[in-house]
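Q: Before we start, here is the structure in question, set down as structure tokens.
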Amino acid sequence: MLADKKRIHMLDEIRGFAIICMIFHHAFLDIGDVLGFEWGYQVFDDLCKVQPIFWAIFIIISGMCSRLSRNTLKRGVVVLVCGGIITLFTAVLMPLFGFVGAEIYFGILHCLGACMIIAGILMPLIKKIDYRIGASVSAVLFLMFYDIERRSLCFGMISLPDSWYQYDFLAPLGLHSSSFFSADYFSILPWIFMFLCGAFIGKLAADEGLPGIMYKKHSKFLSFIGKNSLWVYLAHQPVLYALLFVTAVIMH
């Protein structure tokens, strides 16, 4: 954060809570993958109904923090590299040990890194636009592009040509073939608009115009997780797999 700005502890805490919810969700998928329990997959699928809420919270807060960052562009490169490490771990190393089906080619870290880079480039323009107009337009564009992966825009009113969905190298934009698979998948479209919505709202944070309660610390644990969300997210899958692998060995 900028050195002369007060720390907005509640943003850390909310982000920490969202990260914990994501990890809790992923744990059930890992239970199915490692321990072979079908109920793990069932719980994971059931939680998918509410998980987008926490995705949105996390991405909006990341967008707000981009308005407070000393160097959003640099942070974006770091996060994108961390996403590459996730791809290396899940798509190259894990299959060597027999774990397949967990490959991540463009997940939340890839998406956030790309969004930070784009926002960093656009930040001079973002700061010139009225934040209320910018946030509103971004929210509308997010809804318009939400179904791009399903080959349509504007809630299905506009169908996109099948020729756009033949090549998987366009997967980062939400355009990919029917055979494409990524265990964790967040395309730049539509999520860039959710991120930009947060970046515009972030003006309130930059101007220290948020309610006073936002600047008070309520939970040291959630605050710590939120401040270190990148490293917690990077570590959670290796830790979960290690614990479940040990559990599987003990059970057998």
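Convention: chains lettered A, B, ... in structure tokens order; per-chain residue numbering from 1; ligands numbered from 1 as shown.
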Stretch 31-116 of chain A near stretch 140-149 of chain A within 12 Å: what's each residue's closest atom pair and its distance in Å to one decimal, counting only C-alpha atoms, ordered by chain then ascending residue number, as CSV?
A:
residue,atom,partner,partner_atom,distance
A:Pro52,CA,A:Tyr146,CA,11.9
A:Ala56,CA,A:Phe142,CA,10.9
A:Ile60,CA,A:Phe142,CA,11.9
Q: Running DSSP on the backbone, which parts of stretch 5-249 of chain A land in alpha helix (DSSP H), as number ranges by chain?
A: A: 9-30, 38-47, 51-66, 72-88, 94-96, 108-126, 131-145, 188-206, 220-227, 229-249
Q: Can you write out as JSON lines which residues of stretch 170-227 of chain A fall within 8 Å of stretch 10-17 of chain A, alongside each residue's closest atom pair and its distance in Å to one decimal, counting only C-alpha atoms and ordering rows by chain and ascending residue number?
A:
{"residue": "A:Ile213", "atom": "CA", "partner": "A:Met10", "partner_atom": "CA", "distance": 7.7}
{"residue": "A:Met214", "atom": "CA", "partner": "A:Met10", "partner_atom": "CA", "distance": 4.9}
{"residue": "A:Tyr215", "atom": "CA", "partner": "A:Met10", "partner_atom": "CA", "distance": 6.4}
{"residue": "A:Lys216", "atom": "CA", "partner": "A:Met10", "partner_atom": "CA", "distance": 6.8}
{"residue": "A:Lys217", "atom": "CA", "partner": "A:Met10", "partner_atom": "CA", "distance": 6.5}
{"residue": "A:His218", "atom": "CA", "partner": "A:Met10", "partner_atom": "CA", "distance": 7.4}
{"residue": "A:Ser219", "atom": "CA", "partner": "A:Glu13", "partner_atom": "CA", "distance": 6.9}
{"residue": "A:Leu222", "atom": "CA", "partner": "A:Glu13", "partner_atom": "CA", "distance": 4.6}
{"residue": "A:Ser223", "atom": "CA", "partner": "A:Glu13", "partner_atom": "CA", "distance": 4.4}
{"residue": "A:Phe224", "atom": "CA", "partner": "A:Gly16", "partner_atom": "CA", "distance": 7.4}
{"residue": "A:Ile225", "atom": "CA", "partner": "A:Gly16", "partner_atom": "CA", "distance": 4.7}
{"residue": "A:Gly226", "atom": "CA", "partner": "A:Gly16", "partner_atom": "CA", "distance": 3.8}
{"residue": "A:Lys227", "atom": "CA", "partner": "A:Asp12", "partner_atom": "CA", "distance": 5.7}
Q: Counting only C-alpha atoms, what is within 10 Å of stretch 75-92 of chain A, bar same-chain residues fewer than 4 positions away, as a JSON list (two decimals) with N, CA and C atoms, in the first residue's frame?
A:
[["chain", "number", "residue", "atom", "x", "y", "z"],
["A", 66, "SER", "N", -5.35, -2.41, -5.96],
["A", 66, "SER", "CA", -4.51, -1.94, -7.06],
["A", 66, "SER", "C", -4.45, -0.42, -7.10],
["A", 69, "SER", "N", -1.73, 0.44, -4.47],
["A", 69, "SER", "CA", -0.40, -0.16, -4.63],
["A", 69, "SER", "C", 0.62, 0.85, -5.12],
["A", 70, "ARG", "N", 1.86, 0.68, -4.65],
["A", 70, "ARG", "CA", 2.96, 1.52, -5.15],
["A", 70, "ARG", "C", 3.26, 1.20, -6.60],
["A", 71, "ASN", "N", 3.12, -0.08, -6.98],
["A", 71, "ASN", "CA", 3.45, -0.48, -8.34],
["A", 71, "ASN", "C", 2.59, -1.68, -8.73],
["A", 96, "LEU", "N", 3.70, -36.69, -12.73],
["A", 96, "LEU", "CA", 4.84, -37.60, -12.56],
["A", 96, "LEU", "C", 4.62, -38.55, -11.38],
["A", 97, "PHE", "N", 3.79, -38.10, -10.42],
["A", 97, "PHE", "CA", 3.51, -38.93, -9.25],
["A", 97, "PHE", "C", 2.12, -39.57, -9.33],
["A", 99, "PHE", "N", -0.82, -38.10, -10.14],
["A", 99, "PHE", "CA", -1.99, -37.26, -9.89],
["A", 99, "PHE", "C", -2.34, -36.51, -11.18],
["A", 100, "VAL", "N", -3.42, -36.92, -11.81],
["A", 100, "VAL", "CA", -3.86, -36.27, -13.05],
["A", 100, "VAL", "C", -5.27, -35.73, -12.85],
["A", 101, "GLY", "N", -5.64, -34.78, -13.69],
["A", 101, "GLY", "CA", -6.97, -34.18, -13.60],
["A", 101, "GLY", "C", -7.02, -32.93, -12.75],
["A", 102, "ALA", "N", -5.85, -32.50, -12.23],
["A", 102, "ALA", "CA", -5.80, -31.28, -11.41],
["A", 102, "ALA", "C", -5.00, -30.19, -12.10],
["A", 103, "GLU", "N", -4.78, -30.34, -13.40],
["A", 103, "GLU", "CA", -3.97, -29.37, -14.13],
["A", 103, "GLU", "C", -4.64, -27.99, -14.16],
["A", 104, "ILE", "N", -3.86, -26.96, -13.88],
["A", 104, "ILE", "CA", -4.36, -25.59, -13.91],
["A", 104, "ILE", "C", -3.54, -24.80, -14.93],
["A", 105, "TYR", "N", -4.20, -24.38, -15.99],
["A", 105, "TYR", "CA", -3.51, -23.66, -17.05],
["A", 105, "TYR", "C", -3.77, -22.16, -17.01],
["A", 106, "PHE", "N", -4.92, -21.75, -16.51],
["A", 106, "PHE", "CA", -5.18, -20.33, -16.34],
["A", 106, "PHE", "C", -6.18, -20.16, -15.20],
["A", 107, "GLY", "N", -5.63, -20.17, -13.99],
["A", 107, "GLY", "CA", -6.46, -20.09, -12.80],
["A", 107, "GLY", "C", -6.55, -18.68, -12.24],
["A", 108, "ILE", "N", -6.92, -18.60, -10.97],
["A", 108, "ILE", "CA", -7.16, -17.30, -10.34],
["A", 108, "ILE", "C", -5.90, -16.44, -10.30],
["A", 109, "LEU", "N", -4.72, -17.05, -10.07],
["A", 109, "LEU", "CA", -3.49, -16.26, -10.02],
["A", 109, "LEU", "C", -3.11, -15.73, -11.40],
["A", 110, "HIS", "N", -3.26, -16.57, -12.43],
["A", 110, "HIS", "CA", -2.99, -16.10, -13.79],
["A", 110, "HIS", "C", -3.89, -14.90, -14.12],
["A", 111, "CYS", "N", -5.17, -15.04, -13.80],
["A", 111, "CYS", "CA", -6.15, -14.01, -14.11],
["A", 111, "CYS", "C", -5.86, -12.72, -13.33],
["A", 112, "LEU", "N", -5.60, -12.86, -12.02],
["A", 112, "LEU", "CA", -5.31, -11.68, -11.22],
["A", 112, "LEU", "C", -4.05, -10.98, -11.69],
["A", 113, "GLY", "N", -3.02, -11.76, -12.02],
["A", 113, "GLY", "CA", -1.79, -11.16, -12.51],
["A", 113, "GLY", "C", -2.03, -10.37, -13.78],
["A", 114, "ALA", "N", -2.78, -10.96, -14.72],
["A", 114, "ALA", "CA", -3.09, -10.27, -15.97],
["A", 114, "ALA", "C", -3.92, -9.01, -15.71],
["A", 115, "CYS", "N", -4.89, -9.11, -14.80],
["A", 115, "CYS", "CA", -5.74, -7.96, -14.47],
["A", 115, "CYS", "C", -4.93, -6.83, -13.85],
["A", 116, "MET", "N", -3.98, -7.18, -12.98],
["A", 116, "MET", "CA", -3.13, -6.16, -12.35],
["A", 116, "MET", "C", -2.27, -5.46, -13.39],
["A", 117, "ILE", "N", -1.74, -6.23, -14.33],
["A", 117, "ILE", "CA", -0.91, -5.63, -15.38],
["A", 117, "ILE", "C", -1.75, -4.68, -16.24],
["A", 118, "ILE", "N", -2.94, -5.13, -16.63],
["A", 118, "ILE", "CA", -3.83, -4.28, -17.44],
["A", 118, "ILE", "C", -4.23, -3.03, -16.66],
["A", 119, "ALA", "N", -4.61, -3.22, -15.38],
["A", 119, "ALA", "CA", -5.01, -2.07, -14.55],
["A", 119, "ALA", "C", -3.83, -1.12, -14.34],
["A", 120, "GLY", "N", -2.63, -1.67, -14.17],
["A", 120, "GLY", "CA", -1.46, -0.83, -13.99],
["A", 120, "GLY", "C", -1.20, 0.05, -15.19],
["A", 182, "SER", "N", -9.13, -26.99, -17.37],
["A", 182, "SER", "CA", -8.27, -26.41, -16.35],
["A", 182, "SER", "C", -9.02, -26.54, -15.04],
["A", 183, "ALA", "N", -8.41, -27.23, -14.06],
["A", 183, "ALA", "CA", -9.11, -27.51, -12.81],
["A", 183, "ALA", "C", -9.55, -26.22, -12.12],
["A", 230, "LEU", "N", -1.39, -14.19, -1.21],
["A", 230, "LEU", "CA", -0.70, -14.82, -2.34],
["A", 230, "LEU", "C", 0.06, -16.05, -1.89],
["A", 231, "TRP", "N", 0.83, -15.91, -0.81],
["A", 231, "TRP", "CA", 1.66, -17.02, -0.34],
["A", 231, "TRP", "C", 0.82, -18.13, 0.28],
["A", 233, "TYR", "N", -2.24, -18.88, -0.69],
["A", 233, "TYR", "CA", -2.85, -19.57, -1.82],
["A", 233, "TYR", "C", -1.85, -20.47, -2.52],
["A", 234, "LEU", "N", -0.61, -20.00, -2.67],
["A", 234, "LEU", "CA", 0.41, -20.82, -3.31],
["A", 234, "LEU", "C", 0.68, -22.09, -2.51],
["A", 235, "ALA", "N", 0.66, -21.96, -1.19],
["A", 235, "ALA", "CA", 1.04, -23.09, -0.33],
["A", 235, "ALA", "C", -0.09, -24.07, -0.07],
["A", 237, "GLN", "N", -2.41, -25.84, -1.75],
["A", 237, "GLN", "CA", -2.58, -27.12, -2.44],
["A", 237, "GLN", "C", -1.47, -28.12, -2.10],
["A", 238, "PRO", "N", -0.18, -27.73, -2.12],
["A", 238, "PRO", "CA", 0.85, -28.68, -1.71],
["A", 238, "PRO", "C", 0.64, -29.20, -0.29]]
Q: Can you list, as an NGL selection string, every protein, DNA or RNA residue that comes within 10 Å of A:Glu208 when you count only C-alpha atoms, leaving out same-chain residues fewer than 6 positions away?
A: :A and (5-8 or 202 or 214-215)
Q: Selection from above, N, CA, C and O atoms, as a short mmCIF file (atom, residue, chain, number, x, y, z; two decimals), in the first residue's frame, can you write it?
A:
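What landed in out17.cif:
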data_model
loop_
_atom_site.label_atom_id
_atom_site.label_comp_id
_atom_site.auth_asym_id
_atom_site.auth_seq_id
_atom_site.Cartn_x
_atom_site.Cartn_y
_atom_site.Cartn_z
N LYS A 5 -0.87 6.17 3.41
CA LYS A 5 -2.26 5.80 3.57
C LYS A 5 -2.45 4.90 4.79
O LYS A 5 -1.60 4.07 5.11
N LYS A 6 -3.59 5.09 5.47
CA LYS A 6 -3.90 4.23 6.60
C LYS A 6 -4.25 2.83 6.11
O LYS A 6 -4.89 2.68 5.07
N ARG A 7 -3.82 1.81 6.86
CA ARG A 7 -4.12 0.44 6.49
C ARG A 7 -5.62 0.18 6.67
O ARG A 7 -6.19 0.48 7.72
N ILE A 8 -6.23 -0.39 5.65
CA ILE A 8 -7.67 -0.70 5.73
C ILE A 8 -7.77 -2.17 6.15
O ILE A 8 -7.83 -3.07 5.33
N GLY A 202 -11.93 1.75 -5.56
CA GLY A 202 -10.73 1.98 -4.75
C GLY A 202 -10.41 3.44 -4.54
O GLY A 202 -9.61 3.78 -3.66
N MET A 214 -13.80 0.32 8.85
CA MET A 214 -12.95 -0.39 7.90
C MET A 214 -11.48 -0.31 8.27
O MET A 214 -10.68 -1.15 7.85
N TYR A 215 -11.10 0.71 9.05
CA TYR A 215 -9.70 0.92 9.37
C TYR A 215 -9.29 0.26 10.69
O TYR A 215 -8.12 0.32 11.07
#
Q: Residues at most 9 Å from stretch 35-49 of chain A, counting only C-alpha atoms, excluding those fewer than 2 positions away in the same chain, as a PDB file with C-alpha atoms, in the first residue's frame?
A:
ATOM      1  CA  HIS A  25     -13.816 -25.591  -1.115  1.00  0.00           C
ATOM      2  CA  HIS A  26     -10.689 -27.001  -2.793  1.00  0.00           C
ATOM      3  CA  ALA A  27     -10.132 -29.401   0.099  1.00  0.00           C
ATOM      4  CA  PHE A  28     -13.195 -31.441  -0.850  1.00  0.00           C
ATOM      5  CA  LEU A  29     -11.996 -31.801  -4.428  1.00  0.00           C
ATOM      6  CA  ASP A  30      -8.638 -32.998  -3.097  1.00  0.00           C
ATOM      7  CA  ILE A  31     -10.406 -35.501  -0.841  1.00  0.00           C
ATOM      8  CA  GLY A  32     -12.006 -36.967  -3.943  1.00  0.00           C
ATOM      9  CA  ASP A  33      -8.779 -36.920  -5.963  1.00  0.00           C
ATOM     10  CA  GLN A  51     -18.219 -20.070  -4.464  1.00  0.00           C
ATOM     11  CA  PRO A  52     -18.634 -17.301  -7.107  1.00  0.00           C
ATOM     12  CA  ILE A  53     -19.603 -14.957  -4.258  1.00  0.00           C
ATOM     13  CA  LEU A 244      -4.164 -36.200   2.384  1.00  0.00           C
ATOM     14  CA  PHE A 245      -1.377 -38.351   0.944  1.00  0.00           C
ATOM     15  CA  THR A 247      -3.780 -39.877   5.447  1.00  0.00           C
ATOM     16  CA  ALA A 248      -4.123 -42.243   2.476  1.00  0.00           C
TER      17      ALA A 248
END
Q: Enumerate as a ChimeraX atom specification all residues of stretch 11-162 of chain A assigned to strand (DSSP E or B) by DSSP on the backbone, naming them with the chain letters and numbers the document uses.
A: /A:106,152-153,158-159
Q: Closest to A:Ala135 among A:Tyr165, A:Phe155, A:Phe186, A:Phe195, using only C-alpha atoms?
A: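 Nearest to A:Ala135: A:Phe195.
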Q: In terms of the shortest atom-to-atom distance over only C-alpha atoms, which of A:Phe200, A:Phe58, A:Tyr241, A:Trp164 is closest to A:Ser229?
A: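 Nearest candidate to A:Ser229 out of A:Phe200, A:Phe58, A:Tyr241, A:Trp164: A:Phe58.
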Q: If we count only C-alpha atoms and set the cut-off at 7 Å, which residues sit around A:Pro172, ignoring sequence neighbours fewer than 2 positions away in its own chain? Please answer as JSON, numbers by chain.
A: {"A": [106, 170, 174, 187, 188]}
Q: Please compute the atom CA of A:Val34-atom CA of A:Pro95 distance, one decimal, in Å.
A: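 Between these atoms lies a distance of 12.7 Å.
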